[in-house]
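Next comes entry39.txt, a file with compact mmCIF, C-alpha atoms.
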# COMPACT_ATOMS: atom_id res chain seq x y z
CA MET A 1 62.24 -180.93 43.92
CA LEU A 2 65.71 -180.72 42.38
CA LYS A 3 66.49 -177.49 40.49
CA HIS A 4 69.52 -176.78 38.32
CA LEU A 5 70.86 -173.30 39.13
CA VAL A 6 73.98 -172.79 37.02
CA GLY A 7 77.00 -174.86 36.00
CA GLN A 8 77.36 -177.70 38.52
CA SER A 9 75.25 -176.00 41.26
CA TYR A 10 71.80 -177.30 42.19
CA CYS A 11 69.14 -176.65 44.81
CA LEU A 12 67.07 -179.39 46.41
CA GLU A 13 63.84 -178.10 47.97
CA THR A 14 62.58 -180.03 50.99
CA PRO A 15 59.60 -179.18 53.21
CA ALA A 16 61.95 -177.86 55.92
CA ALA A 17 64.78 -176.16 54.01
CA SER A 18 66.47 -175.55 50.69
CA LEU A 19 69.60 -177.67 50.35
CA GLY A 20 72.57 -176.89 48.14
CA LEU A 21 74.37 -179.34 45.87
CA TYR A 22 77.55 -179.07 43.89
CA LEU A 23 78.07 -181.88 41.41
CA GLY A 24 81.72 -182.85 41.10
CA ALA A 25 83.55 -185.48 39.10
CA ASP A 26 82.16 -189.00 38.59
CA LYS A 27 78.70 -188.05 39.89
CA HIS A 28 80.06 -187.35 43.36
CA CYS A 29 78.43 -184.35 44.97
CA ILE A 30 78.87 -182.05 47.91
CA LEU A 31 75.62 -181.57 49.80
CA ILE A 32 75.16 -178.28 51.64
CA ASP A 33 72.81 -178.95 54.56
CA SER A 34 70.88 -182.20 54.95
CA GLY A 35 67.36 -181.08 55.88
CA ALA A 36 65.13 -182.29 58.69
CA VAL A 37 65.19 -185.82 60.09
CA ALA A 38 61.80 -186.56 58.50
CA ASP A 39 63.10 -185.54 55.05
CA GLY A 40 66.30 -187.58 55.13
CA GLN A 41 65.04 -190.65 53.28
CA GLN A 42 63.46 -188.48 50.59
CA VAL A 43 66.78 -186.66 50.06
CA VAL A 44 68.60 -190.01 49.79
CA SER A 45 66.04 -191.29 47.25
CA ILE A 46 66.29 -188.18 45.06
CA LEU A 47 70.09 -188.33 45.01
CA GLN A 48 70.15 -192.06 44.31
CA LYS A 49 67.63 -191.64 41.47
CA GLN A 50 70.10 -189.18 39.88
CA GLY A 51 72.90 -191.70 40.38
CA TRP A 52 74.75 -189.21 42.60
CA GLU A 53 76.94 -190.13 45.59
CA VAL A 54 77.42 -187.65 48.44
CA SER A 55 81.14 -187.45 49.20
CA ALA A 56 80.88 -184.51 51.61
CA LEU A 57 78.12 -182.87 53.64
CA ILE A 58 78.65 -179.27 54.75
CA ASN A 59 76.33 -177.75 57.35
CA THR A 60 75.74 -174.00 57.16
CA HIS A 61 74.48 -174.18 60.74
CA ALA A 62 73.26 -176.73 63.28
CA HIS A 63 69.53 -176.02 63.38
CA VAL A 64 67.60 -179.25 62.97
CA ASP A 65 65.89 -178.20 59.72
CA HIS A 66 69.34 -177.92 58.12
CA SER A 67 71.19 -180.76 59.88
CA GLY A 68 68.65 -183.26 61.17
CA ALA A 69 69.26 -185.75 58.35
CA ASN A 70 73.07 -185.70 58.74
CA ARG A 71 73.16 -189.19 60.22
CA ILE A 72 71.14 -190.86 57.45
CA ILE A 73 73.05 -189.04 54.68
CA ALA A 74 76.46 -189.82 56.20
CA ASP A 75 75.56 -193.45 56.92
CA THR A 76 74.02 -194.06 53.48
CA PHE A 77 76.79 -192.51 51.39
CA GLY A 78 79.79 -192.63 53.74
CA ALA A 79 79.99 -188.84 53.45
CA ALA A 80 82.31 -186.78 55.63
CA VAL A 81 80.51 -184.03 57.59
CA TYR A 82 81.94 -180.49 57.80
CA ALA A 83 81.02 -177.36 59.78
CA SER A 84 82.51 -174.39 61.59
CA ALA A 85 83.97 -174.87 65.07
CA ALA A 86 81.00 -173.21 66.80
CA GLU A 87 78.45 -175.38 64.96
CA LYS A 88 80.45 -178.61 65.39
CA VAL A 89 79.66 -178.59 69.11
CA PHE A 90 75.90 -178.48 68.45
CA LEU A 91 76.00 -181.06 65.65
CA GLU A 92 77.81 -183.63 67.75
CA ASN A 93 75.76 -182.81 70.90
CA PRO A 94 72.29 -181.90 69.56
CA TRP A 95 70.66 -181.65 72.99
CA LEU A 96 72.71 -178.45 73.52
CA ALA A 97 70.57 -176.63 70.94
CA ALA A 98 67.47 -177.33 73.02
CA TYR A 99 69.20 -175.81 76.04
CA THR A 100 69.89 -172.60 74.11
CA LEU A 101 66.29 -172.47 72.89
CA PHE A 102 64.68 -173.06 76.29
CA SER A 103 67.51 -171.92 78.62
CA ALA A 104 66.98 -175.24 80.37
CA HIS A 105 66.42 -178.91 79.64
CA PRO A 106 63.66 -179.06 77.00
CA PRO A 107 60.19 -180.04 78.16
CA ARG A 108 59.72 -183.78 77.67
CA SER A 109 56.92 -183.17 75.15
CA LEU A 110 59.35 -181.20 72.95
CA ALA A 111 62.41 -183.46 73.27
CA ASN A 112 61.61 -185.13 69.96
CA ARG A 113 63.47 -185.48 66.67
CA PHE A 114 62.46 -181.98 65.57
CA ILE A 115 64.13 -180.37 68.57
CA VAL A 116 66.81 -182.99 69.35
CA PRO A 117 67.88 -184.92 66.22
CA PRO A 118 70.32 -187.83 66.19
CA ALA A 119 73.91 -186.70 66.75
CA SER A 120 75.99 -186.16 63.62
CA PRO A 121 78.93 -188.43 62.97
CA GLU A 122 82.34 -186.86 63.56
CA VAL A 123 82.34 -183.31 62.21
CA HIS A 124 85.44 -182.01 60.44
CA LEU A 125 86.29 -178.36 61.02
CA LEU A 126 86.08 -175.76 58.28
CA GLU A 127 88.17 -172.60 58.23
CA TYR A 128 86.98 -169.42 56.54
CA GLY A 129 88.31 -168.73 53.05
CA MET A 130 89.11 -171.11 50.22
CA GLN A 131 88.95 -174.80 51.14
CA VAL A 132 89.33 -177.88 48.97
CA ILE A 133 86.69 -180.45 49.86
CA SER A 134 86.30 -183.64 47.82
CA GLY A 135 88.55 -182.11 45.17
CA VAL A 136 86.42 -178.95 44.81
CA SER A 137 87.58 -175.43 45.79
CA LEU A 138 84.87 -173.78 47.85
CA ASP A 139 84.89 -170.36 49.53
CA ILE A 140 83.69 -170.68 53.14
CA VAL A 141 82.17 -167.36 54.28
CA ASP A 142 81.53 -166.26 57.89
CA LEU A 143 77.79 -165.50 58.21
CA GLY A 144 77.48 -165.64 62.01
CA GLY A 145 74.32 -164.00 63.33
CA HIS A 146 71.43 -166.42 62.93
CA THR A 147 73.69 -168.82 64.82
CA PRO A 148 77.16 -168.09 66.23
CA GLY A 149 79.07 -170.09 63.63
CA GLN A 150 76.83 -169.99 60.59
CA ILE A 151 78.71 -170.15 57.31
CA GLY A 152 77.95 -169.67 53.66
CA VAL A 153 79.39 -171.88 50.93
CA MET A 154 80.33 -170.27 47.60
CA THR A 155 80.68 -172.77 44.76
CA PRO A 156 83.05 -172.41 41.79
CA ASP A 157 79.93 -171.34 39.83
CA GLY A 158 79.57 -168.24 42.03
CA VAL A 159 76.50 -169.56 43.86
CA LEU A 160 76.39 -168.73 47.58
CA PHE A 161 74.45 -171.20 49.72
CA ALA A 162 73.74 -169.09 52.81
CA GLY A 163 71.53 -171.23 55.05
CA ASP A 164 69.14 -169.00 56.99
CA SER A 165 71.21 -165.82 56.79
CA LEU A 166 68.62 -164.37 54.40
CA LEU A 167 65.05 -164.64 55.66
CA SER A 168 61.82 -163.33 54.19
CA SER A 169 59.52 -160.90 55.98
CA LEU A 170 57.13 -163.85 56.44
CA SER A 171 59.64 -165.39 58.85
CA TYR A 172 59.52 -162.28 61.01
CA GLN A 173 55.71 -162.22 60.96
CA THR A 174 55.40 -165.93 61.75
CA PHE A 175 58.16 -166.20 64.38
CA PRO A 176 58.87 -162.65 65.64
CA CYS A 177 60.57 -163.83 68.83
CA LEU A 178 62.70 -166.58 67.29
CA VAL A 179 64.17 -164.77 64.29
Could the structure of this file be written out as structure tokens, please?
Amino acid sequence: MLKHLVGQSYCLETPAASLGLYLGADKHCILIDSGAVADGQQVVSILQKQGWEVSALINTHAHVDHSGANRIIADTFGAAVYASAAEKVFLENPWLAAYTLFSAHPPRSLANRFIVPPASPEVHLLEYGMQVISGVSLDIVDLGGHTPGQIGVMTPDGVLFAGDSLLSSLSYQTFPCLV
């Protein structure tokens, strides 16, 4: 479900994660996180129904529920992918995330698209502070903690898309060892 937040900032709810959107000129948008692999086609359909083109995709972090659909989004729209230096490594080499989760090669039964998504296309590095991406000035904020290089993206409307840096108490009750 697509929700208008304020100004040109929107939120797109998917089963796996909440994605951020900033609508720029000529119906070009910046997508903040892409969602899970299984949700990629749905995200594409929603954006196409709006007549929006993704010119840039920024990942707050490399967990599969926030970056699994990078490949389909980038391939469909020709979008450039951006992330912090620490997250770039995991986005371009997604099997590394499984190693950090299991401290070893993932069990064969878990080496699926939820744990090891398709590799992202080339990831462009983001620096902290004000950055101009697709003609839009965004403030890139260091939110490392949930992952080493997690970032937040502050839009010109004052909306901070913070990935999983803010979690509900339900997350701690459901996954006490993973959070």
**OP:** Starting from the point (80.3, -181.0, 56.1), work out which residues of protein, DNA or RNA have an atom no more than 6 Å away when counting all atoms listed in the file; state them as an MDAnalysis selection string.
**Re:** chainID A and resid 56:59 81:83
Write a file of the just-selected residues containing C-alpha atoms, as a PDB file, in the frame of the given file.
ATOM      1  CA  ALA A  56      80.880-184.510  51.610  1.00  0.00           C
ATOM      2  CA  LEU A  57      78.120-182.870  53.640  1.00  0.00           C
ATOM      3  CA  ILE A  58      78.650-179.270  54.750  1.00  0.00           C
ATOM      4  CA  ASN A  59      76.330-177.750  57.350  1.00  0.00           C
ATOM      5  CA  VAL A  81      80.510-184.030  57.590  1.00  0.00           C
ATOM      6  CA  TYR A  82      81.940-180.490  57.800  1.00  0.00           C
ATOM      7  CA  ALA A  83      81.020-177.360  59.780  1.00  0.00           C
TER       8      ALA A  83
END
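Among the candidates A:Gly152, A:Gly78, A:Gly158, A:Pro94, the residue lying nearest to Ser120 (chain A) is A:Pro94 (atoms considered: all atoms listed in the file).
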**OP:** Show which residues sit within 10 Å of Asp33 (chain A), as a PyMOL selection string. Count only C-alpha atoms, and ignore same-chain residues fewer than 3 positions away.
**Re:** chain A and resi 12+17-21+30+36+57-70+81-83+161+163
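Picture a line from CA of Ala162 (chain A) to CA of Gln8 (chain A); it runs 17.1 Å.
Nearest residue to Ala97 (chain A), choosing from A:Ala119, A:Ile46, A:Val54, A:Ile151 and counting all atoms listed in the file: A:Ala119.
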Complete region 69-90 of chain A at the level of N, CA and C atoms, written as a PDB file, in the coordinates of the input.
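Full text of result11.pdb as output:
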ATOM      1  N   ALA A  69      69.065-184.516  59.132  1.00  0.00           N
ATOM      2  CA  ALA A  69      69.260-185.750  58.350  1.00  0.00           C
ATOM      3  C   ALA A  69      70.745-186.073  58.146  1.00  0.00           C
ATOM      4  N   ASN A  70      71.632-185.417  58.885  1.00  0.00           N
ATOM      5  CA  ASN A  70      73.070-185.700  58.740  1.00  0.00           C
ATOM      6  C   ASN A  70      73.388-187.173  58.896  1.00  0.00           C
ATOM      7  N   ARG A  71      72.827-187.791  59.915  1.00  0.00           N
ATOM      8  CA  ARG A  71      73.160-189.190  60.220  1.00  0.00           C
ATOM      9  C   ARG A  71      72.781-190.093  59.051  1.00  0.00           C
ATOM     10  N   ILE A  72      71.563-189.967  58.535  1.00  0.00           N
ATOM     11  CA  ILE A  72      71.140-190.860  57.450  1.00  0.00           C
ATOM     12  C   ILE A  72      71.947-190.608  56.176  1.00  0.00           C
ATOM     13  N   ILE A  73      72.257-189.350  55.878  1.00  0.00           N
ATOM     14  CA  ILE A  73      73.050-189.040  54.680  1.00  0.00           C
ATOM     15  C   ILE A  73      74.462-189.608  54.826  1.00  0.00           C
ATOM     16  N   ALA A  74      75.087-189.342  55.976  1.00  0.00           N
ATOM     17  CA  ALA A  74      76.460-189.820  56.200  1.00  0.00           C
ATOM     18  C   ALA A  74      76.524-191.342  56.209  1.00  0.00           C
ATOM     19  N   ASP A  75      75.561-191.983  56.856  1.00  0.00           N
ATOM     20  CA  ASP A  75      75.560-193.450  56.920  1.00  0.00           C
ATOM     21  C   ASP A  75      75.284-194.079  55.551  1.00  0.00           C
ATOM     22  N   THR A  76      74.380-193.494  54.783  1.00  0.00           N
ATOM     23  CA  THR A  76      74.020-194.060  53.480  1.00  0.00           C
ATOM     24  C   THR A  76      75.156-193.940  52.468  1.00  0.00           C
ATOM     25  N   PHE A  77      75.787-192.769  52.422  1.00  0.00           N
ATOM     26  CA  PHE A  77      76.790-192.510  51.390  1.00  0.00           C
ATOM     27  C   PHE A  77      78.230-192.569  51.886  1.00  0.00           C
ATOM     28  N   GLY A  78      78.421-192.678  53.199  1.00  0.00           N
ATOM     29  CA  GLY A  78      79.790-192.630  53.740  1.00  0.00           C
ATOM     30  C   GLY A  78      80.390-191.243  53.628  1.00  0.00           C
ATOM     31  N   ALA A  79      79.542-190.224  53.629  1.00  0.00           N
ATOM     32  CA  ALA A  79      79.990-188.840  53.450  1.00  0.00           C
ATOM     33  C   ALA A  79      80.647-188.299  54.714  1.00  0.00           C
ATOM     34  N   ALA A  80      81.695-187.513  54.526  1.00  0.00           N
ATOM     35  CA  ALA A  80      82.310-186.780  55.630  1.00  0.00           C
ATOM     36  C   ALA A  80      81.462-185.539  55.903  1.00  0.00           C
ATOM     37  N   VAL A  81      81.313-185.180  57.182  1.00  0.00           N
ATOM     38  CA  VAL A  81      80.510-184.030  57.590  1.00  0.00           C
ATOM     39  C   VAL A  81      81.444-182.895  57.989  1.00  0.00           C
ATOM     40  N   TYR A  82      81.122-181.673  57.538  1.00  0.00           N
ATOM     41  CA  TYR A  82      81.940-180.490  57.800  1.00  0.00           C
ATOM     42  C   TYR A  82      81.081-179.365  58.368  1.00  0.00           C
ATOM     43  N   ALA A  83      81.686-178.545  59.239  1.00  0.00           N
ATOM     44  CA  ALA A  83      81.020-177.360  59.780  1.00  0.00           C
ATOM     45  C   ALA A  83      82.059-176.471  60.448  1.00  0.00           C
ATOM     46  N   SER A  84      81.627-175.286  60.839  1.00  0.00           N
ATOM     47  CA  SER A  84      82.510-174.390  61.590  1.00  0.00           C
ATOM     48  C   SER A  84      82.687-174.922  63.004  1.00  0.00           C
ATOM     49  N   ALA A  85      83.678-174.409  63.704  1.00  0.00           N
ATOM     50  CA  ALA A  85      83.970-174.870  65.070  1.00  0.00           C
ATOM     51  C   ALA A  85      82.776-174.659  65.995  1.00  0.00           C
ATOM     52  N   ALA A  86      82.130-173.502  65.904  1.00  0.00           N
ATOM     53  CA  ALA A  86      81.000-173.210  66.800  1.00  0.00           C
ATOM     54  C   ALA A  86      79.823-174.149  66.537  1.00  0.00           C
ATOM     55  N   GLU A  87      79.586-174.504  65.285  1.00  0.00           N
ATOM     56  CA  GLU A  87      78.450-175.380  64.960  1.00  0.00           C
ATOM     57  C   GLU A  87      78.769-176.841  65.215  1.00  0.00           C
ATOM     58  N   LYS A  88      80.027-177.227  65.137  1.00  0.00           N
ATOM     59  CA  LYS A  88      80.450-178.610  65.390  1.00  0.00           C
ATOM     60  C   LYS A  88      79.954-179.092  66.755  1.00  0.00           C
ATOM     61  N   VAL A  89      80.061-178.239  67.750  1.00  0.00           N
ATOM     62  CA  VAL A  89      79.660-178.590  69.110  1.00  0.00           C
ATOM     63  C   VAL A  89      78.179-178.982  69.145  1.00  0.00           C
ATOM     64  N   PHE A  90      77.341-178.210  68.462  1.00  0.00           N
ATOM     65  CA  PHE A  90      75.900-178.480  68.450  1.00  0.00           C
ATOM     66  C   PHE A  90      75.554-179.700  67.599  1.00  0.00           C
TER      67      PHE A  90
END
